[in-house]
Every structure is written in structure tokens, then in C-alpha cells.
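Undergrad: Hey, dropping work.csv in here, CSV, C-alpha atoms and all ligand atoms:
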```
chain,number,residue,atom,x,y,z
W,33,MET,CA,5.7,8.3,21.1
W,34,ALA,CA,8.4,9.6,18.7
W,35,HIS,CA,9.5,6.3,17.3
W,36,ASP,CA,12.6,8.0,16.0
W,37,PHE,CA,14.2,5.0,14.2
W,38,PRO,CA,14.2,4.3,10.4
W,39,LYS,CA,10.6,3.5,9.6
W,40,ILE,CA,9.3,1.6,6.6
W,41,ASP,CA,5.9,1.6,4.9
W,42,LEU,CA,5.4,-1.2,2.4
W,43,HIS,CA,1.7,-0.7,1.7
W,44,LEU,CA,0.7,2.8,0.8
W,45,HIS,CA,-1.8,3.9,-1.9
W,46,LEU,CA,-1.0,7.1,-3.7
W,47,ASP,CA,-4.6,8.0,-4.4
W,48,GLY,CA,-5.6,7.4,-0.8
W,49,SER,CA,-2.8,9.7,0.4
W,50,VAL,CA,-3.5,13.0,-1.4
W,51,LEU,CA,-3.3,15.9,1.1
W,52,PRO,CA,-6.8,17.4,1.8
W,53,GLU,CA,-5.4,20.9,0.9
W,54,THR,CA,-4.3,19.6,-2.5
W,55,MET,CA,-7.6,17.8,-3.2
W,56,TRP,CA,-9.3,21.1,-2.3
W,57,GLU,CA,-7.2,23.1,-4.7
W,58,LEU,CA,-7.4,20.5,-7.5
W,59,ALA,CA,-11.1,20.3,-7.2
W,60,LYS,CA,-11.4,24.1,-7.5
W,61,LYS,CA,-9.3,24.0,-10.6
W,62,GLU,CA,-11.2,21.1,-12.2
W,63,GLY,CA,-14.6,22.4,-11.2
W,64,VAL,CA,-15.3,19.3,-9.2
W,65,LEU,CA,-17.9,19.8,-6.4
W,66,LEU,CA,-16.7,18.7,-3.0
W,67,PRO,CA,-19.1,17.7,-0.1
W,68,ALA,CA,-18.1,20.7,2.0
W,69,ASP,CA,-18.3,24.5,2.0
W,70,ASP,CA,-14.7,25.1,3.1
W,71,LEU,CA,-11.4,23.3,3.6
W,72,ASP,CA,-12.0,22.6,7.3
W,73,GLY,CA,-15.4,21.2,6.5
W,74,PHE,CA,-13.8,19.0,3.8
W,75,LYS,CA,-11.2,17.7,6.3
W,76,ASP,CA,-14.0,16.8,8.7
W,77,TYR,CA,-15.8,15.0,5.9
W,78,LEU,CA,-12.6,13.0,5.2
W,79,VAL,CA,-12.3,11.9,8.8
W,80,THR,CA,-15.9,11.0,9.2
W,81,SER,CA,-16.1,9.1,5.9
W,82,ALA,CA,-13.1,6.9,6.8
W,83,ASP,CA,-15.4,4.4,8.5
W,84,CYS,CA,-17.3,2.2,6.1
W,85,ARG,CA,-19.4,-0.9,6.1
W,86,ASN,CA,-17.0,-2.9,4.0
W,87,VAL,CA,-13.9,-2.8,1.9
W,88,ASN,CA,-15.8,-2.2,-1.3
W,89,GLU,CA,-17.7,0.8,0.1
W,90,TYR,CA,-14.3,2.0,1.2
W,91,LEU,CA,-12.9,1.7,-2.3
W,92,GLU,CA,-15.7,3.9,-3.6
W,93,ARG,CA,-14.1,6.7,-1.5
W,94,PHE,CA,-11.3,6.6,-4.1
W,95,GLU,CA,-13.5,8.0,-6.8
W,96,LEU,CA,-13.0,11.6,-5.6
W,97,PRO,CA,-9.2,11.6,-5.7
W,98,LEU,CA,-9.2,9.7,-8.9
W,99,GLN,CA,-11.4,12.3,-10.5
W,100,LEU,CA,-8.8,14.9,-9.6
W,101,LEU,CA,-5.8,12.8,-10.8
W,102,GLN,CA,-6.4,12.6,-14.5
W,103,GLU,CA,-3.7,15.1,-15.6
W,104,PRO,CA,0.1,14.4,-15.4
W,105,GLU,CA,0.8,17.6,-13.5
W,106,ALA,CA,-1.6,16.5,-10.7
W,107,LEU,CA,-0.1,13.1,-10.4
W,108,THR,CA,3.4,14.6,-10.3
W,109,ARG,CA,2.4,17.0,-7.6
W,110,VAL,CA,0.7,14.5,-5.3
W,111,THR,CA,3.6,12.1,-5.6
W,112,ARG,CA,6.1,14.9,-4.7
W,113,GLU,CA,4.0,16.1,-1.8
W,114,LEU,CA,3.5,12.5,-0.4
W,115,ILE,CA,7.2,11.7,-0.5
W,116,THR,CA,8.1,15.0,1.1
W,117,LEU,CA,5.6,14.3,3.9
W,118,LEU,CA,7.0,10.7,4.4
W,119,GLU,CA,10.5,12.1,4.7
W,120,SER,CA,9.3,14.6,7.3
W,121,HIS,CA,7.9,11.7,9.3
W,122,GLY,CA,11.3,10.0,9.3
W,123,LEU,CA,10.7,7.2,6.9
W,124,ALA,CA,13.8,5.4,5.6
W,125,TYR,CA,11.9,3.7,2.8
W,126,ALA,CA,8.4,3.5,1.4
W,127,GLU,CA,6.8,1.7,-1.5
W,128,ILE,CA,4.0,3.8,-3.0
W,129,ARG,CA,1.5,2.0,-5.1
W,130,PHE,CA,-1.0,3.1,-7.7
W,131,ALA,CA,-3.0,1.7,-10.7
W,132,PRO,CA,-1.9,3.5,-13.9
W,133,GLN,CA,-5.1,2.3,-15.7
W,134,LEU,CA,-7.3,4.4,-13.3
W,135,HIS,CA,-5.6,7.6,-14.6
W,136,THR,CA,-6.4,7.2,-18.3
W,137,ARG,CA,-9.9,8.8,-18.4
W,138,ARG,CA,-8.6,11.7,-20.4
W,139,LYS,CA,-5.4,11.8,-22.4
W,140,MET,CA,-2.9,9.9,-20.3
W,141,THR,CA,-1.8,6.4,-21.3
W,142,GLN,CA,-0.7,4.0,-18.5
W,143,LYS,CA,2.9,4.9,-19.5
W,144,ASP,CA,2.2,8.6,-19.2
W,145,ALA,CA,0.8,8.1,-15.7
W,146,VAL,CA,3.9,6.1,-14.6
W,147,GLU,CA,6.2,8.8,-16.0
W,148,ALA,CA,4.2,11.5,-14.2
W,149,VAL,CA,4.6,9.7,-10.9
W,150,LEU,CA,8.3,9.1,-11.5
W,151,SER,CA,8.7,12.8,-12.2
W,152,GLY,CA,7.1,13.6,-8.8
W,153,MET,CA,9.5,11.1,-7.2
W,154,LYS,CA,12.6,12.7,-8.8
W,155,GLU,CA,11.4,16.2,-7.8
W,156,ALA,CA,11.0,15.1,-4.2
W,157,LEU,CA,14.3,13.2,-3.9
W,158,SER,CA,17.5,15.2,-3.9
W,159,GLU,CA,21.2,14.3,-3.2
W,160,GLY,CA,20.7,14.6,0.5
W,161,SER,CA,17.4,12.7,0.8
W,162,ARG,CA,17.2,10.3,3.7
W,163,ILE,CA,14.3,8.5,2.2
W,164,ALA,CA,14.3,5.9,-0.6
W,165,ILE,CA,11.2,5.2,-2.6
W,166,GLY,CA,9.9,2.3,-4.7
W,167,ILE,CA,6.8,2.5,-6.9
W,168,LEU,CA,4.5,-0.5,-7.3
W,169,LEU,CA,2.0,-0.7,-10.2
W,170,CYS,CA,-1.4,-2.2,-9.3
W,171,ALA,CA,-3.3,-4.4,-11.7
W,172,MET,CA,-7.0,-4.1,-10.7
W,173,SER,CA,-9.8,-6.4,-9.8
W,174,PHE,CA,-13.2,-4.9,-10.6
W,175,GLY,CA,-15.0,-8.2,-9.8
W,176,ASP,CA,-14.8,-9.8,-13.2
W,177,ALA,CA,-11.2,-10.7,-14.2
W,178,SER,CA,-11.8,-10.6,-17.9
W,179,LYS,CA,-13.3,-7.1,-17.9
W,180,ASN,CA,-10.0,-5.3,-17.8
W,181,GLU,CA,-7.6,-8.1,-18.9
W,182,GLN,CA,-5.9,-6.0,-21.6
W,183,GLU,CA,-5.4,-3.1,-19.1
W,184,ASN,CA,-4.0,-5.4,-16.5
W,185,LEU,CA,-1.6,-7.0,-19.0
W,186,GLU,CA,-0.5,-3.6,-20.1
W,187,THR,CA,0.2,-2.7,-16.4
W,188,ALA,CA,2.6,-5.7,-16.2
W,189,ARG,CA,4.4,-4.7,-19.4
W,190,VAL,CA,4.7,-1.1,-18.3
W,191,ALA,CA,6.1,-2.2,-14.9
W,192,ALA,CA,8.7,-4.3,-16.9
W,193,ASP,CA,9.6,-1.2,-19.0
W,194,TYR,CA,10.2,0.9,-15.9
W,195,LEU,CA,11.7,-1.7,-13.6
W,196,GLY,CA,14.9,-0.4,-12.1
W,197,GLN,CA,13.9,3.2,-13.0
W,198,GLY,CA,11.8,3.8,-9.9
W,199,VAL,CA,9.2,1.0,-10.4
W,200,VAL,CA,10.0,-2.0,-8.2
W,201,GLY,CA,7.2,-4.4,-8.9
W,202,ILE,CA,3.5,-5.1,-9.3
W,203,ASP,CA,0.4,-5.7,-7.2
W,204,LEU,CA,-3.1,-6.8,-7.6
W,205,ALA,CA,-5.6,-4.5,-5.9
W,206,GLY,CA,-9.3,-3.6,-6.0
W,207,TYR,CA,-12.5,-5.4,-5.1
W,208,GLU,CA,-11.6,-8.3,-3.0
W,209,GLY,CA,-13.9,-11.3,-2.6
W,210,MET,CA,-16.1,-10.6,-5.7
W,211,CYS,CA,-14.3,-13.2,-7.7
W,212,PRO,CA,-11.5,-15.6,-6.9
W,213,VAL,CA,-7.9,-14.2,-6.8
W,214,SER,CA,-7.0,-17.2,-9.0
W,215,ASP,CA,-8.9,-15.6,-11.9
W,216,PHE,CA,-6.1,-13.1,-12.2
W,217,ALA,CA,-3.4,-15.7,-12.8
W,218,TYR,CA,-2.9,-14.2,-16.3
W,219,VAL,CA,-1.4,-11.0,-14.7
W,220,PHE,CA,1.3,-13.0,-13.0
W,221,THR,CA,1.9,-15.3,-16.0
W,222,GLU,CA,2.7,-12.1,-17.8
W,223,ALA,CA,4.8,-10.8,-14.9
W,224,ASP,CA,6.8,-14.1,-14.9
W,225,LYS,CA,8.0,-13.2,-18.4
W,226,TYR,CA,9.8,-10.2,-17.0
W,227,ASN,CA,10.7,-11.6,-13.5
W,228,LEU,CA,8.7,-8.8,-11.9
W,229,PRO,CA,8.8,-8.7,-8.0
W,230,ARG,CA,5.2,-8.8,-6.7
W,231,THR,CA,2.8,-8.5,-3.9
W,232,VAL,CA,-0.9,-9.4,-3.9
W,233,HIS,CA,-3.9,-8.0,-1.9
W,234,ALA,CA,-5.5,-11.0,-0.3
W,235,GLY,CA,-6.9,-12.3,3.1
W,236,ASP,CA,-8.7,-9.1,4.0
W,237,SER,CA,-12.3,-9.1,3.0
W,238,ALA,CA,-11.8,-12.4,1.3
W,239,GLY,CA,-10.7,-15.3,3.5
W,240,PRO,CA,-7.6,-17.6,3.7
W,241,GLU,CA,-8.4,-19.2,0.3
W,242,SER,CA,-7.5,-15.9,-1.4
W,243,VAL,CA,-4.1,-16.0,0.3
W,244,TRP,CA,-3.6,-19.6,-1.0
W,245,ASP,CA,-4.5,-18.3,-4.5
W,246,ALA,CA,-2.0,-15.4,-4.2
W,247,LEU,CA,0.8,-17.8,-3.1
W,248,ALA,CA,0.3,-19.8,-6.2
W,249,PHE,CA,1.4,-16.7,-8.2
W,250,GLY,CA,4.8,-17.1,-6.5
W,251,THR,CA,4.4,-14.0,-4.3
W,252,ARG,CA,6.3,-13.9,-1.0
W,253,ARG,CA,4.4,-10.8,0.1
W,254,ILE,CA,0.7,-10.4,0.8
W,255,GLY,CA,-1.2,-7.1,1.1
W,256,HIS,CA,-3.1,-7.4,4.4
W,257,GLY,CA,-3.3,-11.2,4.8
W,258,HIS,CA,-4.4,-11.0,8.4
W,259,ARG,CA,-7.2,-13.5,7.9
W,260,SER,CA,-4.6,-16.2,7.3
W,261,ILE,CA,-5.0,-16.7,11.1
W,262,GLU,CA,-8.3,-18.6,10.3
W,263,ASP,CA,-6.4,-21.4,8.6
W,264,PRO,CA,-3.6,-23.2,10.6
W,265,LYS,CA,-2.3,-25.0,7.5
W,266,LEU,CA,-1.9,-21.7,5.8
W,267,ILE,CA,0.1,-20.4,8.8
W,268,GLU,CA,2.4,-23.4,8.4
W,269,GLU,CA,2.8,-22.5,4.7
W,270,LEU,CA,3.5,-18.8,5.5
W,271,LEU,CA,6.2,-19.9,8.0
W,272,GLU,CA,7.8,-22.4,5.7
W,273,LYS,CA,8.0,-20.0,2.8
W,274,GLY,CA,8.9,-17.0,4.9
W,275,VAL,CA,6.0,-15.0,3.5
W,276,THR,CA,5.6,-11.4,4.7
W,277,LEU,CA,2.2,-9.9,5.5
W,278,GLU,CA,1.7,-6.1,4.9
W,279,VAL,CA,-0.8,-5.5,7.7
W,280,CYS,CA,-2.7,-2.1,8.0
W,281,PRO,CA,-4.5,-2.2,11.3
W,282,THR,CA,-6.6,1.0,11.2
W,283,SER,CA,-7.6,0.4,7.6
W,284,ASN,CA,-8.7,-3.1,8.5
W,285,ILE,CA,-10.9,-1.8,11.3
W,286,GLN,CA,-12.4,1.0,9.2
W,287,CYS,CA,-13.3,-1.6,6.5
W,288,GLN,CA,-14.7,-3.8,9.3
W,289,THR,CA,-12.6,-6.8,8.2
W,290,GLN,CA,-11.4,-6.8,11.9
W,291,ALA,CA,-13.6,-5.6,14.8
W,292,SER,CA,-11.1,-3.8,17.0
W,293,TYR,CA,-7.4,-3.2,17.7
W,294,GLU,CA,-7.7,-5.5,20.7
W,295,THR,CA,-9.1,-8.4,18.7
W,296,HIS,CA,-7.0,-7.8,15.6
W,297,PRO,CA,-4.8,-11.0,14.9
W,298,LEU,CA,-1.6,-9.0,14.2
W,299,LYS,CA,0.0,-9.8,17.5
W,300,ALA,CA,-1.1,-13.5,17.4
W,301,LEU,CA,0.5,-13.8,13.9
W,302,PHE,CA,3.7,-12.1,15.2
W,303,ASP,CA,3.8,-14.5,18.2
W,304,LEU,CA,3.5,-17.5,15.8
W,305,GLY,CA,6.6,-16.3,14.0
W,306,VAL,CA,4.8,-15.0,10.9
W,307,LYS,CA,6.8,-12.1,9.3
W,308,VAL,CA,4.3,-9.3,9.8
W,309,THR,CA,4.7,-5.6,9.2
W,310,ILE,CA,2.7,-2.5,10.0
W,311,ASN,CA,1.6,-0.1,7.3
W,312,THR,CA,-0.8,2.7,6.7
W,313,ASP,CA,-2.6,1.7,3.5
W,314,ASN,CA,-4.1,5.2,2.9
W,315,MET,CA,-2.7,8.1,4.9
W,316,VAL,CA,-5.4,10.6,4.1
W,317,LEU,CA,-8.5,8.4,3.5
W,318,ALA,CA,-7.7,6.3,6.6
W,319,ASN,CA,-6.4,9.4,8.4
W,320,VAL,CA,-3.3,7.6,9.9
W,321,ASP,CA,0.4,7.7,9.8
W,322,LEU,CA,3.0,5.2,11.0
W,323,VAL,CA,3.5,6.9,14.3
W,324,HIS,CA,-0.2,6.5,15.0
W,325,GLU,CA,-0.2,2.9,14.0
W,326,TYR,CA,2.9,2.1,16.2
W,327,ASP,CA,1.2,3.9,19.2
W,328,VAL,CA,-2.0,1.8,18.9
W,329,ALA,CA,0.1,-1.3,18.4
W,330,ILE,CA,1.8,-0.6,21.8
W,331,GLU,CA,-1.2,0.7,23.6
W,332,LYS,CA,-3.9,-1.6,22.4
W,333,MET,CA,-2.4,-4.6,20.6
W,334,GLY,CA,0.2,-5.8,23.1
W,335,PHE,CA,3.4,-4.9,21.2
W,336,THR,CA,6.7,-3.6,22.8
W,337,LYS,CA,8.9,-1.0,21.2
W,338,ASP,CA,11.4,-3.7,20.2
W,339,ASP,CA,8.6,-5.6,18.5
W,340,ILE,CA,7.9,-2.6,16.4
W,341,ILE,CA,11.6,-2.4,15.4
W,342,ARG,CA,11.5,-6.2,14.6
W,343,MET,CA,8.5,-5.6,12.3
W,344,ASN,CA,10.5,-2.9,10.6
W,345,ILE,CA,13.3,-5.4,10.1
W,346,ASN,CA,10.7,-7.7,8.5
W,347,ALA,CA,9.6,-4.9,6.3
W,348,ALA,CA,13.1,-4.0,5.2
W,349,SER,CA,13.9,-7.7,4.5
W,350,ALA,CA,10.8,-8.1,2.3
W,351,SER,CA,11.1,-4.8,0.6
W,352,PHE,CA,12.1,-4.3,-3.0
W,353,MET,CA,14.8,-1.8,-2.2
W,354,PRO,CA,18.4,-2.2,-3.5
W,355,GLU,CA,20.4,-4.7,-1.5
W,356,ALA,CA,23.0,-2.2,-0.2
W,357,LYS,CA,20.3,0.1,1.2
W,358,LYS,CA,18.4,-2.8,2.6
W,359,ARG,CA,21.5,-4.0,4.5
W,360,LYS,CA,22.1,-0.5,5.9
W,361,VAL,CA,18.5,-0.1,7.2
W,362,ILE,CA,18.5,-3.6,8.7
W,363,ASP,CA,21.9,-3.0,10.5
W,364,SER,CA,20.8,0.4,11.9
W,365,LEU,CA,17.5,-1.2,13.2
W,366,ASP,CA,19.4,-4.2,14.6
W,367,THR,CA,21.7,-2.0,16.7
W,368,ILE,CA,18.7,-0.3,18.5
W,369,ILE,CA,16.9,-3.4,19.7
W,370,THR,CA,17.4,-3.5,23.5
K,1,ZN,ZN,-4.1,-1.7,-0.1
```
Can the structure in the file be given as C-alpha cells, please?
TA:
Amino acid sequence: MAHDFPKIDLHLHLDGSVLPETMWELAKKEGVLLPADDLDGFKDYLVTSADCRNVNEYLERFELPLQLLQEPEALTRVTRELITLLESHGLAYAEIRFAPQLHTRRKMTQKDAVEAVLSGMKEALSEGSRIAIGILLCAMSFGDASKNEQENLETARVAADYLGQGVVGIDLAGYEGMCPVSDFAYVFTEADKYNLPRTVHAGDSAGPESVWDALAFGTRRIGHGHRSIEDPKLIEELLEKGVTLEVCPTSNIQCQTQASYETHPLKALFDLGVKVTINTDNMVLANVDLVHEYDVAIEKMGFTKDDIIRMNINAASASFMPEAKKRKVIDSLDTIIT
């Protein structure tokens, strides 16, 4: 189906969305060996490697793009290319997230990495652009919260420095379930100093307790969060606080945090009145786009076209886009619900 209405992606990782052609070219330039003889073989490898045993194995797949994104020019290029692709898919708004501390293996500082991404954003957006973009900076969990405390604190400070200049907030991403989300409270205590908008990865490979932990940080958005369905009290809390879940169905199935589209709790959460949204997570590593996700939502998960539009209204409402643009997107979606 075309789904030709203003679409929104709130949960999209830059390093998981580098075009295969670009990865191929960057690898050649950097002398990085790829697990294929030619570009077609590499594309096949990306598709077949999308399925993993768990979310942590899935995260290991990021090592390849990360190796290739250690120079500012590369970060600028992949940001520009991703935004151009999103605009061609008819998105009205996307929040692209990345962890600046993962790009400092050579000369770049976290600040340099953010500037490189913002340059790519500016190059992609012109006067006539129909898409708006927000950049989220991810603090990282590597399992031990004290391991990269300084780097995570720096991410919050850099986000504050660039807030309103393209950066719209922060996130906590990485290895879920290896230590409690509550161990990362220091990130959000720092974020509180600057009133940073926030979202937190939780309730995916870790259970409902991680969502409770995330809510304690004052977030009104949860990355994934589908496992909230396992805790009726938590559902009440999500409803009462109007929390929005950024659900990424295909990614959840690939990481085996849900067994199938048919048994995924997205529709059950929607029917309970929870503000759910549909997102891609990683366009290349998960090999999906929003149109694909909407198609499976209708064909396999029990949604109607109007439900998809309602979830886009949820996404617009919870987004960190400027109020005027938000109103415009919500109004245009409202008018097409039948
Ligand atoms: Zn994610």
C-alpha cells in the first residue's frame, strides 16, 4: 500500500541505517574487509544477518558501520543520505538518534561528531524540504553503568549545548537487561539541569521493571516498551501519564523479544488505549521502512488504515518537533481519518 499521508518515525538509529552502497564505498576507502565479494553479496549478507538470537547479538552488528563512521565526512554523508531517503519515502518528520561517544575512536570529540551530523542535516534540508528532522543523542549502556559515566555525562552536556540547533533531546540505548536501567539515573540527573527532552530504551529485552525505572527519570516516551503488556499496573501508569511507546515490530521479531507479528502485543496495547507508534529502529540492519511496517501491521497485526493514521497522530503529539509544525502535521492527519 502507498500510505501516502505524512509519516513519522520517532525511533531510527543512524548507524543502523547506512545505505549498503555507502558502507561498501566507505569500507573500500578505509581498507575494512567486508564479509562479501561484491555489493550484491554484501546486500544479501545484511538481509540474512538481520535475524539474531537476542538484542545483544543484534547490537554486535553495529560494529561494522561504527568502524566506518569515525571521520566527520563519513558521518555528514550518511546523515545527508538518510534524510534524503526519508524525504523520498514521504516522511513529514523523523527523529534520528546516534551515540556521539561511539564515534570518538580517532580524532573526533563528541562535539565534533554532533557537528558532523548537524552538517549532514543542513545539507539535506533546503528551503523547500517537506521533511523536518530532530537529532537525539544516545547515552550508552555497556552493561556496567560506571564504565562510561564520564562519556554519558558529556553526551548530556553536548545535547544541552546543541539543543534548539538540530538536537532535540537525549536517549539511553545499548545493552538492555545486563544491568538495571536505574543505574543510569546519573544521566538524567544531569539532563534535568538543562531540561533536556528525553526518551529511554526499555521494556524490550528487559521486562516491565525496566520501564518503571525509565519512568522514574521523568520520561514520557519509551523506546520499544512493548513488554509493558506483562504488567497490568504498568499499563495503568502508562495510561495515566499519557506515555508514548516507540514500537519497532520487525526489529523486535528479529531480536526475538517477540515471537511473531501475529503474537506481538502492539495491537493489544493500542486497544487498551496506550499511545503506541510504529517505527523502523534500523532501516538497513533491520531491512525495513515505514511502508513495510504499516503493511504488516494491517496484514498480520489487525490494524486498519485509520489506526495507522491514529498512531502517526500519537507520534506527532509525542515528538520533539516545534509546536507549530506539530499542529500542522496533526491537523493534516486528522482530516484524512475516515
Ligand atoms: Zn533502538
Undergrad: Please identify every residue of range 221-322 of chain W that has at least one atom no farther than 10 Å from an atom of range 90-112 of chain W, counting all atoms listed in the file, and for each give the shortest atom pair and the distance in Å to one decimal, arranged by chain then increasing number, as JSON lines.
TA:
```
{"residue": "W:Ser283", "atom": "CA", "partner": "W:Tyr90", "partner_atom": "CA", "distance": 9.4}
{"residue": "W:Gln286", "atom": "CA", "partner": "W:Tyr90", "partner_atom": "CA", "distance": 8.3}
{"residue": "W:Cys287", "atom": "CA", "partner": "W:Tyr90", "partner_atom": "CA", "distance": 6.5}
{"residue": "W:Gln288", "atom": "CA", "partner": "W:Tyr90", "partner_atom": "CA", "distance": 10.0}
{"residue": "W:Leu317", "atom": "CA", "partner": "W:Arg93", "partner_atom": "CA", "distance": 7.7}
{"residue": "W:Ala318", "atom": "CA", "partner": "W:Tyr90", "partner_atom": "CA", "distance": 9.6}
```
Undergrad: Based on the selection just made, write C-alpha atoms of those residues as a short mmCIF file (atom, residue, chain, number, x, y, z; two decimals), keeping the file's coordinate frame.
TA:
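selection03.cif was written with the following content:
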```cif
data_model
loop_
_atom_site.label_atom_id
_atom_site.label_comp_id
_atom_site.auth_asym_id
_atom_site.auth_seq_id
_atom_site.Cartn_x
_atom_site.Cartn_y
_atom_site.Cartn_z
CA SER W 283 -7.60 0.40 7.60
CA GLN W 286 -12.40 1.00 9.20
CA CYS W 287 -13.30 -1.60 6.50
CA GLN W 288 -14.70 -3.80 9.30
CA LEU W 317 -8.50 8.40 3.50
CA ALA W 318 -7.70 6.30 6.60
#
```
Undergrad: Determine the nearest neighbour of Glu113 in chain W from the options W:Val50, W:Ala171, W:Ile261, W:Val328, counting only C-alpha atoms.
TA: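 Distance minimum relative to Glu113 in chain W lands on W:Val50.
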Undergrad: At a cut-off of 7 Å and counting all atoms listed in the file, what residues surround ligand ZN 1 (chain K)? Please answer as a list in words.
TA: His43, Leu44, His45, Ala205, His233, Gly255 and Asp313 of chain W
Undergrad: Starting from the point (2.0, 1.8, 8.9), work out which residues of protein, DNA or RNA have an atom no more than 9 Å away when counting all atoms listed in the file; state them as a VMD selection string.
TA: chain W and resid 39 to 44 278 to 282 309 to 313 315 320 to 326
Undergrad: So the first atom is CA of Arg342 in chain W and the second is CA of Val275 in chain W; what is the distance between them in Å, to one decimal place?
TA: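 Between these atoms lies a distance of 15.2 Å.
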Undergrad: Quick one, how far is CA of Pro240 in chain W from CA of Lys225 in chain W?
TA: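 For CA of Pro240 in chain W relative to CA of Lys225 in chain W, the distance reads 27.4 Å.
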Undergrad: Could you check the closest approach to Ile167 in chain W for each of W:Ile330, W:Leu123, W:Ala348, W:Met353 and tell me which residue wins, using only C-alpha atoms?
TA: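 When distances to Ile167 in chain W are compared using only C-alpha atoms, the smallest one comes from W:Met353.
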Undergrad: Could you list, as a PyMOL selection string, every residue within 10 Å of Glu186 in chain W, counting all atoms listed in the file and ignoring same-chain residues fewer than 5 positions away?
TA: chain W and resi 132-133+142-143+171+180-181+191-192+219+222
Undergrad: Separation of CA of Ser292 in chain W and CA of Val243 in chain W, in Å?
TA: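 These two atoms are separated by 21.8 Å.
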Undergrad: May I ask which of the residues W:Ala148, W:Leu277, W:Leu157, W:Cys211 is the closest one to Pro297 in chain W, counting all atoms listed in the file?
TA: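 Distance minimum relative to Pro297 in chain W lands on W:Leu277.
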Undergrad: Quick one: what's the axis-aligned box for range 241-247 of chain W, all listed atoms, 8 Å on every side, centre and edges in Å to one decimal, as AutoDock Vina command-line options?
TA:
```
--center_x -3.8 --center_y -17.5 --center_z -2.1 --size_x 25.2 --size_y 20.2 --size_z 20.8
```
Undergrad: Select, from W:Glu294, W:Ile165, W:Arg359, W:Lys307, the residue with the minimum atom-to-atom distance to Glu331 in chain W, counting all atoms listed in the file.
TA: W:Glu294
